[in-house]
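Here's the structure we're looking at; comments come further down.
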Amino acid sequence: MEALLAGIIASLTGCGVYLLLRAYTFPVVLGLTLLSYAVNLFLFATGRLTVGQPAVISADAPGYADPLPQALVLTAIVIAFGMTAFVIMLALKARAALGNDHVDGRPDDGGADRPLPHRDHAGKEEA
Amino acid sequence: MSQAVILPLLLPLAAAILLLLTRRRISLRVRRGLNLGVSVLELLAVLWLLVLVSGEGILVYQVGDWPAPYGISLVADRLSVWMLLITALLACCALYYAVQGTDRGSRHFHPLFQLQLFGLNGAFLTGDLFNLFVFFEVLLLASYGLLLHGGGRARVRAGLHFVVLNLAGSTLFLFAVGTLYGVLGTLSMADLASRVADTAPADVGIVRAAGLLLFTVFALKAALVPLYLWLPAAYAGTSAPVAALFAIMTKVGAYAILRVETLIFGDTAGPLAHLIEPVLLPLALATLGVAVLGVLAAQGLRRQTAYLVVLSVGTLLTAFALGTRDGIAAGLYYLPHSTFAAAALFLLADVIARGRGAMGDRLEPGPAVPAAPLVGGLFFLAAVLIAGLPPLSGFLGKWMLLQAALERPAMPWIFALVLTAGLLTIVALARTGSMLFYRAAAGGGDASALALVSGLASAVGRDDPSQRSDGWRCDIGAPAMRAGPDWKRLAPVLALTGLCLVLVAAAGPVTAFTAATADALLAPERYIEAVLGGVVGGR
């Protein structure tokens, strides 16, 4: 189970970092989301993997599941959720203000396969 | 009296909620008054805390009375209160500038401002790594809103970089926190400090990795080389009072580095002692070198000021990296000075840009600034402060830093970089000052001359045009061609420079305080004992 979980965290992180390094906002947002999934699983695993154990120590159960990582993950999920919502709104705002979805506000020279949008909101913004 | 510790958190949080709920119901004037009033109250609360901490040492508040390693601890020691005091003073000045008109256009400016203070105060007070993460997120989320306040292309673009980088940083922070918890089984910083020395030999490498990961995150917040690239565009693009308030944001990273380095990875950490120091000094010195090039190359006053913020981080962390009592004390003296001086320069840049109309803060010959003798004099004062010329506080801070570095093997490097950076800063600021105040076009109020100058400037202009005026959304249609100085906007600048002068006048007591703070940091046993031992009902 440990190897499976480690593999999942590793592939999520790898994909997240790869997408984060793209130059357009949509993949970047996806990358951030994948990274936050990876870190949530990672935090969850820091309490060690247990199956069928209660989170509250009881004399009947043979052990217990560490409740603290679960609380941490809950906090981290809420924060990541809010941040993702914010960054999506910001990406949309940047798309409207800069006229394209490149993270620097200008498409690469190499990205010729992407059609350049001709809507120019810049004039309105700069007034 | 340990309940006093939570006041700097409750006040901004309550104010933010109140301002948020009433944002449509009460007029802007009332909200401004409310926000300013609460900020002054916070300052008073922090001053009270300062008196308490100077007398009693370390105050601990266990939230909900849960005992230490299990509950949330808020710890007010000298370092925390020192940072709180700087934040509160800076916030009052920045807010007074903001209510002169920057806060229009969004109902959320005032709640966000208080939430920013909530996050900052929480980050300084918390005694727990995970809560440090939470408060970082609070202050970052508020800072995203403040950074984008007012809109505009430059702000949105810089804001996007700032947000994405910080989100990636938050992920790294969580990985580090999770690793530390997985190995050491605790997140309370005092508990971590007492356990880290007993790390099993097989786990030392993992803890080392987690510690360095933490350092990477803090270095991103502090804008150390090579993680400083987000800062110049973000700070140069945003509105002036927000940039002034953000002068403390990089110091949060510096604070976190100092706290973790002295408390968790201090002398007592066994195999992990002084984990960060060998990395920190070269990076801090590299920051000095790179930032001063940015100061020289900047084509606008605000971008130049943003690089001066990076420069001050380099100086500050050089002092902290020495790891000795004198070095840390020098850094803690330099910290408020550099914060106040950079904030004053940001606000002054806005006053100058308003006075120059369409030319903004570009370092090209343009119309004369209204009330040039006063504004120019203030610029001169701020430049002397920030460049570290005698007899003002910048000089004292750097002098103490160099004295602390005398016996270090890295002494030649530290001397060479700090002194060269100081000299080049003087050159750059002298050039800026003469460009803004001496090479002003005659008859600055003349619209045709202004148009001619800006037309020429854009014809000659070599820099990226999108970099230039779009960050500026001051009312160009009615440039401040008033005869008299804009006293309401200059008052916070005067206050901030005045605070730096107070640092000089009260250098004796202040250095005594910072030396005592450094002593307390280098002997973390008292901190650990205050948090972990005798805590239940510790009031």
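Chain labels A, B, ... are given in the sequence in which chains occur in the structure tokens; within each chain residues are numbered consecutively from 1, and ligands are likewise numbered from 1 in the order shown.
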Quick one: residues within 8 Å of Val310 of chain B, only C-alpha atoms, excluding same-chain residues fewer than 3 positions away - as a short mmCIF file (atom, residue, chain, number, x, y, z; two decimals) with C-alpha atoms, in the first residue's frame?
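Result file result05.cif:
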```cif
data_model
loop_
_atom_site.label_atom_id
_atom_site.label_comp_id
_atom_site.auth_asym_id
_atom_site.auth_seq_id
_atom_site.Cartn_x
_atom_site.Cartn_y
_atom_site.Cartn_z
CA ALA B 223 12.81 37.48 -2.01
CA LEU B 224 16.31 36.02 -1.78
CA TYR B 228 13.24 37.39 -5.93
CA LEU B 231 9.05 41.18 -6.37
CA THR B 287 21.07 39.08 -3.27
CA LEU B 288 23.03 42.20 -2.40
CA ALA B 291 19.69 43.83 -6.24
CA ALA B 306 11.36 47.68 -5.23
CA TYR B 307 14.97 46.68 -5.91
CA VAL B 313 16.61 41.88 2.44
CA GLY B 314 20.12 40.97 1.34
#
```
Pull the closest atom pair for each residue of chain B that gets at most 7 Å from chain A, along with the distance in Å to one decimal, counting only C-alpha atoms, ordering rows by chain and then ascending residue number, as a Markdown table.
```
| residue | atom | partner | partner_atom | distance |
| --- | --- | --- | --- | --- |
| B:Gly152 | CA | A:Glu125 | CA | 6.3 |
| B:Arg153 | CA | A:Ala97 | CA | 5.8 |
| B:Val156 | CA | A:Ala94 | CA | 5.8 |
| B:Arg157 | CA | A:Asp104 | CA | 6.5 |
| B:Leu160 | CA | A:Leu90 | CA | 6.8 |
| B:Ala168 | CA | A:Leu32 | CA | 6.9 |
| B:Thr171 | CA | A:Ser36 | CA | 6.4 |
| B:Leu174 | CA | A:Val39 | CA | 6.7 |
| B:Phe175 | CA | A:Val39 | CA | 6.1 |
| B:Gly178 | CA | A:Leu43 | CA | 5.1 |
| B:Thr179 | CA | A:Thr46 | CA | 6.9 |
| B:Tyr181 | CA | A:Thr46 | CA | 6.7 |
| B:Gly182 | CA | A:Thr46 | CA | 4.4 |
| B:Asp470 | CA | A:Glu126 | CA | 6.3 |
```
Output as a PyMOL selection string all residues of segment 21-72 of chain A that backbone DSSP marks as alpha helix (DSSP H).
chain A and resi 25-45+67-72
Using only C-alpha atoms, determine which residues lie at most 9 Å from Ile352 of chain B, disregarding the query and same-chain residues fewer than 2 positions distant; provide the list as a ChimeraX atom specification.
/B:347-350,354-357,360-361,369-370,372,375,436
Please save N, CA and C atoms of the selected residues as a tab-separated table (two decimals), in the first residue's frame.
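Listing of out_35.tsv after writing:
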```tsv
chain	number	residue	atom	x	y	z
B	347	LEU	N	5.92	55.80	-0.93
B	347	LEU	CA	4.89	56.83	-0.85
B	347	LEU	C	5.36	58.10	-1.55
B	348	LEU	N	6.64	58.43	-1.35
B	348	LEU	CA	7.19	59.63	-1.97
B	348	LEU	C	7.18	59.49	-3.49
B	349	ALA	N	7.47	58.28	-3.98
B	349	ALA	CA	7.46	58.06	-5.43
B	349	ALA	C	6.08	58.34	-5.99
B	350	ASP	N	5.04	58.00	-5.22
B	350	ASP	CA	3.68	58.25	-5.68
B	350	ASP	C	3.39	59.75	-5.71
B	354	ARG	N	2.49	61.72	-9.10
B	354	ARG	CA	1.29	62.53	-9.26
B	354	ARG	C	1.64	63.94	-9.72
B	355	GLY	N	2.73	64.48	-9.17
B	355	GLY	CA	3.14	65.83	-9.53
B	355	GLY	C	3.62	65.93	-10.96
B	356	ARG	N	4.13	64.83	-11.53
B	356	ARG	CA	4.70	64.90	-12.87
B	356	ARG	C	3.70	64.52	-13.94
B	357	GLY	N	2.47	64.30	-13.56
B	357	GLY	CA	1.44	64.03	-14.55
B	357	GLY	C	1.76	62.80	-15.37
B	360	GLY	N	4.75	60.29	-14.91
B	360	GLY	CA	4.77	59.30	-13.84
B	360	GLY	C	6.10	59.31	-13.12
B	361	ASP	N	6.59	58.11	-12.82
B	361	ASP	CA	7.84	58.02	-12.06
B	361	ASP	C	9.01	57.70	-12.96
B	369	VAL	N	8.29	68.92	-10.34
B	369	VAL	CA	7.38	68.43	-9.31
B	369	VAL	C	6.88	69.62	-8.51
B	370	PRO	N	5.58	69.71	-8.20
B	370	PRO	CA	5.12	70.82	-7.36
B	370	PRO	C	5.77	70.74	-5.99
B	372	ALA	N	8.74	71.44	-5.20
B	372	ALA	CA	9.97	70.66	-5.39
B	372	ALA	C	10.94	70.76	-4.23
B	375	VAL	N	9.54	68.32	-1.48
B	375	VAL	CA	9.53	66.92	-1.92
B	375	VAL	C	10.95	66.45	-2.19
B	436	LEU	N	15.03	63.75	-11.49
B	436	LEU	CA	13.66	64.13	-11.13
B	436	LEU	C	13.57	65.60	-10.77
```
Could you check how far atom CA of Val138 of chain B sits from atom CA of Val217 of chain B, in Å to one decimal?
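One can read the atom CA of Val138 of chain B to atom CA of Val217 of chain B distance as 15.7 Å.
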Would you mind listing what lies within 8 Å of segment 35-47 of chain B as a list of chain:residue names, with only C-alpha atoms counted and same-chain residues fewer than 2 positions away left out?
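Listed by chain and then number, they are B:Ala4, B:Leu7, B:Pro8, B:Leu11, B:Pro12, B:Ala15, B:Arg31, B:Arg32, B:Gly33, B:Leu49, B:Leu50, B:Val51, B:Val81, B:Leu84, B:Leu85, B:Ala88, B:Leu89, B:Ala91, B:Cys92, B:Leu95, B:Tyr96, B:His110, B:Gln114.
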With a distance cut-off of 9 Å and only C-alpha atoms, select the neighbouring residues of Val207 of chain B, excluding the residue or stretch itself and same-chain residues fewer than 6 positions from it, and output the selection as a list in words.
Ala176, Thr179, Leu180, Val183, Leu184, Val196, Thr199 and Leu272 of chain B
Would you save the residues from that selection as a CSV table (one decimal), in the first residue's frame, using N, CA and C atoms?
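The resulting part_3.csv:
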```csv
chain,number,residue,atom,x,y,z
B,176,ALA,N,7.1,20.3,3.5
B,176,ALA,CA,8.1,20.4,4.6
B,176,ALA,C,7.4,20.1,5.9
B,179,THR,N,6.6,16.5,6.3
B,179,THR,CA,7.8,15.6,6.5
B,179,THR,C,8.3,15.8,8.0
B,180,LEU,N,8.3,17.0,8.5
B,180,LEU,CA,8.7,17.2,9.9
B,180,LEU,C,7.8,16.4,10.8
B,183,VAL,N,8.3,12.6,10.7
B,183,VAL,CA,9.6,12.1,11.4
B,183,VAL,C,9.6,12.4,12.9
B,184,LEU,N,9.2,13.7,13.2
B,184,LEU,CA,9.4,14.1,14.6
B,184,LEU,C,8.1,14.1,15.4
B,196,VAL,N,14.4,17.8,18.1
B,196,VAL,CA,15.2,17.6,16.9
B,196,VAL,C,16.6,17.0,17.2
B,199,THR,N,16.9,13.1,16.9
B,199,THR,CA,16.5,12.5,15.7
B,199,THR,C,17.3,11.2,15.4
B,272,LEU,N,21.9,18.4,13.4
B,272,LEU,CA,21.2,19.3,12.5
B,272,LEU,C,21.5,20.8,12.9
```
Non-local contacts of segment 409-419 of chain B (8 Å; only C-alpha atoms; under 5 positions in same chain excluded) as a ChimeraX atom specification
/B:285,288-289,315,318,402
Quick one: everything within 12 Å of Val60 of chain B, counting only C-alpha atoms, minus sequence neighbours fewer than 5 positions away in the same chain. Send it as a PyMOL selection string.
chain B and resi 1-6+49+52-53+65-68+71-77+80+125-127+190+526-539
If you keep N, CA and C atoms, can you produce a file of those selected residues as an mmCIF file, in the first residue's frame?
```cif
data_model
loop_
_atom_site.group_PDB
_atom_site.id
_atom_site.type_symbol
_atom_site.label_atom_id
_atom_site.label_comp_id
_atom_site.auth_asym_id
_atom_site.auth_seq_id
_atom_site.Cartn_x
_atom_site.Cartn_y
_atom_site.Cartn_z
ATOM 1 N N MET B 1 -1.280 38.060 32.590
ATOM 2 C CA MET B 1 -1.613 38.996 31.516
ATOM 3 C C MET B 1 -1.445 38.349 30.156
ATOM 4 N N SER B 2 -1.404 37.012 30.109
ATOM 5 C CA SER B 2 -1.088 36.413 28.819
ATOM 6 C C SER B 2 -2.212 36.590 27.816
ATOM 7 N N GLN B 3 -3.407 37.009 28.276
ATOM 8 C CA GLN B 3 -4.481 37.265 27.308
ATOM 9 C C GLN B 3 -4.126 38.402 26.366
ATOM 10 N N ALA B 4 -3.237 39.270 26.783
ATOM 11 C CA ALA B 4 -2.866 40.407 25.930
ATOM 12 C C ALA B 4 -2.294 39.925 24.603
ATOM 13 N N VAL B 5 -1.753 38.681 24.605
ATOM 14 C CA VAL B 5 -1.096 38.191 23.393
ATOM 15 C C VAL B 5 -2.075 38.091 22.231
ATOM 16 N N ILE B 6 -3.335 37.802 22.536
ATOM 17 C CA ILE B 6 -4.271 37.554 21.442
ATOM 18 C C ILE B 6 -4.897 38.848 20.914
ATOM 19 N N LEU B 49 1.816 45.308 24.926
ATOM 20 C CA LEU B 49 2.488 44.011 24.875
ATOM 21 C C LEU B 49 4.003 44.182 25.020
ATOM 22 N N LEU B 52 4.793 44.702 28.591
ATOM 23 C CA LEU B 52 4.655 43.437 29.320
ATOM 24 C C LEU B 52 5.841 42.526 29.047
ATOM 25 N N VAL B 53 6.216 42.404 27.763
ATOM 26 C CA VAL B 53 7.279 41.468 27.397
ATOM 27 C C VAL B 53 8.626 41.955 27.914
ATOM 28 N N ASP B 65 -7.126 27.013 26.019
ATOM 29 C CA ASP B 65 -6.500 26.380 27.173
ATOM 30 C C ASP B 65 -6.093 24.933 26.912
ATOM 31 N N TRP B 66 -5.863 24.590 25.661
ATOM 32 C CA TRP B 66 -5.308 23.268 25.367
ATOM 33 C C TRP B 66 -3.817 23.313 25.637
ATOM 34 N N PRO B 67 -3.271 22.341 26.385
ATOM 35 C CA PRO B 67 -1.845 22.422 26.721
ATOM 36 C C PRO B 67 -0.947 22.292 25.488
ATOM 37 N N ALA B 68 0.301 22.723 25.679
ATOM 38 C CA ALA B 68 1.145 23.150 24.569
ATOM 39 C C ALA B 68 1.323 22.255 23.359
ATOM 40 N N GLY B 71 -2.322 21.866 21.629
ATOM 41 C CA GLY B 71 -3.157 22.995 21.224
ATOM 42 C C GLY B 71 -2.399 23.986 20.367
ATOM 43 N N ILE B 72 -3.033 25.112 20.135
ATOM 44 C CA ILE B 72 -2.420 26.189 19.363
ATOM 45 C C ILE B 72 -1.811 27.175 20.354
ATOM 46 N N SER B 73 -0.514 27.391 20.242
ATOM 47 C CA SER B 73 0.125 28.334 21.153
ATOM 48 C C SER B 73 0.386 29.639 20.418
ATOM 49 N N LEU B 74 0.108 30.741 21.103
ATOM 50 C CA LEU B 74 0.548 32.044 20.608
ATOM 51 C C LEU B 74 1.639 32.514 21.553
ATOM 52 N N VAL B 75 2.790 32.833 21.000
ATOM 53 C CA VAL B 75 3.934 33.168 21.825
ATOM 54 C C VAL B 75 4.375 34.588 21.502
ATOM 55 N N ALA B 76 4.440 35.430 22.524
ATOM 56 C CA ALA B 76 4.953 36.779 22.333
ATOM 57 C C ALA B 76 6.280 36.879 23.059
ATOM 58 N N ASP B 77 7.386 36.788 22.320
ATOM 59 C CA ASP B 77 8.670 37.087 22.926
ATOM 60 C C ASP B 77 9.144 38.416 22.330
ATOM 61 N N SER B 80 8.957 38.654 18.439
ATOM 62 C CA SER B 80 7.603 38.766 17.905
ATOM 63 C C SER B 80 7.062 40.172 18.116
ATOM 64 N N LEU B 125 3.169 35.865 15.750
ATOM 65 C CA LEU B 125 2.857 35.403 17.101
ATOM 66 C C LEU B 125 2.798 33.892 17.232
ATOM 67 N N THR B 126 2.536 33.178 16.141
ATOM 68 C CA THR B 126 2.249 31.764 16.298
ATOM 69 C C THR B 126 3.487 30.982 16.748
ATOM 70 N N GLY B 127 3.226 29.948 17.543
ATOM 71 C CA GLY B 127 4.325 29.124 18.014
ATOM 72 C C GLY B 127 4.264 27.732 17.412
ATOM 73 N N ALA B 190 8.369 24.859 19.689
ATOM 74 C CA ALA B 190 9.132 24.593 20.903
ATOM 75 C C ALA B 190 9.356 23.090 21.059
ATOM 76 N N ARG B 526 14.683 29.057 27.245
ATOM 77 C CA ARG B 526 13.627 29.778 27.959
ATOM 78 C C ARG B 526 12.332 29.771 27.150
ATOM 79 N N TYR B 527 12.475 29.916 25.826
ATOM 80 C CA TYR B 527 11.290 29.885 24.957
ATOM 81 C C TYR B 527 10.608 28.532 25.074
ATOM 82 N N ILE B 528 11.427 27.466 24.979
ATOM 83 C CA ILE B 528 10.862 26.113 25.024
ATOM 84 C C ILE B 528 10.169 25.881 26.363
ATOM 85 N N GLU B 529 10.845 26.336 27.437
ATOM 86 C CA GLU B 529 10.277 26.117 28.755
ATOM 87 C C GLU B 529 8.981 26.914 28.923
ATOM 88 N N ALA B 530 8.977 28.148 28.394
ATOM 89 C CA ALA B 530 7.786 28.984 28.548
ATOM 90 C C ALA B 530 6.597 28.369 27.819
ATOM 91 N N VAL B 531 6.856 27.735 26.661
ATOM 92 C CA VAL B 531 5.742 27.177 25.896
ATOM 93 C C VAL B 531 5.318 25.825 26.464
ATOM 94 N N LEU B 532 6.292 24.986 26.750
ATOM 95 C CA LEU B 532 5.951 23.608 27.113
ATOM 96 C C LEU B 532 5.753 23.402 28.600
ATOM 97 N N GLY B 533 6.526 24.126 29.422
ATOM 98 C CA GLY B 533 6.459 23.865 30.849
ATOM 99 C C GLY B 533 5.611 24.904 31.569
ATOM 100 N N GLY B 534 4.870 24.449 32.579
ATOM 101 C CA GLY B 534 4.099 25.368 33.407
ATOM 102 C C GLY B 534 3.157 26.241 32.626
ATOM 103 N N VAL B 535 2.503 25.621 31.631
ATOM 104 C CA VAL B 535 1.692 26.431 30.751
ATOM 105 C C VAL B 535 0.244 26.475 31.166
ATOM 106 N N VAL B 536 -0.218 25.424 31.807
ATOM 107 C CA VAL B 536 -1.658 25.365 32.065
ATOM 108 C C VAL B 536 -2.010 26.482 33.035
ATOM 109 N N GLY B 537 -2.841 27.380 32.572
ATOM 110 C CA GLY B 537 -3.219 28.517 33.404
ATOM 111 C C GLY B 537 -2.059 29.457 33.642
ATOM 112 N N GLY B 538 -1.163 29.532 32.690
ATOM 113 C CA GLY B 538 0.013 30.386 32.842
ATOM 114 C C GLY B 538 -0.322 31.866 32.697
ATOM 115 N N ARG B 539 -1.032 32.415 33.589
ATOM 116 C CA ARG B 539 -1.418 33.819 33.460
ATOM 117 C C ARG B 539 -1.348 34.498 34.811
#
```
Which of segment 38-263 of chain B fall in strand (DSSP E), as a list in words:
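So the strand (DSSP E) residues in segment 38-263 of chain B would be Leu59, Val60, Tyr61, Gln62, Ser73, Leu74, Val75 and Ala76 of chain B.
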Take the residues from that selection and put them in a file with N, CA and C atoms, as a CSV table (one decimal), in the first residue's frame.
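Printed below is selection39.csv as written:
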```csv
chain,number,residue,atom,x,y,z
B,59,LEU,N,5.6,35.8,26.9
B,59,LEU,CA,4.2,35.5,27.2
B,59,LEU,C,3.6,34.5,26.3
B,60,VAL,N,2.9,33.5,26.9
B,60,VAL,CA,2.3,32.4,26.1
B,60,VAL,C,0.8,32.4,26.3
B,61,TYR,N,0.1,32.3,25.2
B,61,TYR,CA,-1.4,32.2,25.3
B,61,TYR,C,-1.7,30.9,24.6
B,62,GLN,N,-2.3,30.0,25.4
B,62,GLN,CA,-2.7,28.7,24.8
B,62,GLN,C,-4.2,28.8,24.4
B,73,SER,N,-0.5,27.4,20.2
B,73,SER,CA,0.1,28.3,21.2
B,73,SER,C,0.4,29.6,20.4
B,74,LEU,N,0.1,30.7,21.1
B,74,LEU,CA,0.5,32.0,20.6
B,74,LEU,C,1.6,32.5,21.6
B,75,VAL,N,2.8,32.8,21.0
B,75,VAL,CA,3.9,33.2,21.8
B,75,VAL,C,4.4,34.6,21.5
B,76,ALA,N,4.4,35.4,22.5
B,76,ALA,CA,5.0,36.8,22.3
B,76,ALA,C,6.3,36.9,23.1
```
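Comparing A:Ala71, A:Leu34, A:Pro27, A:Arg22 by their smallest distance to Ala10 of chain A, the closest is A:Leu34 (using only C-alpha atoms).
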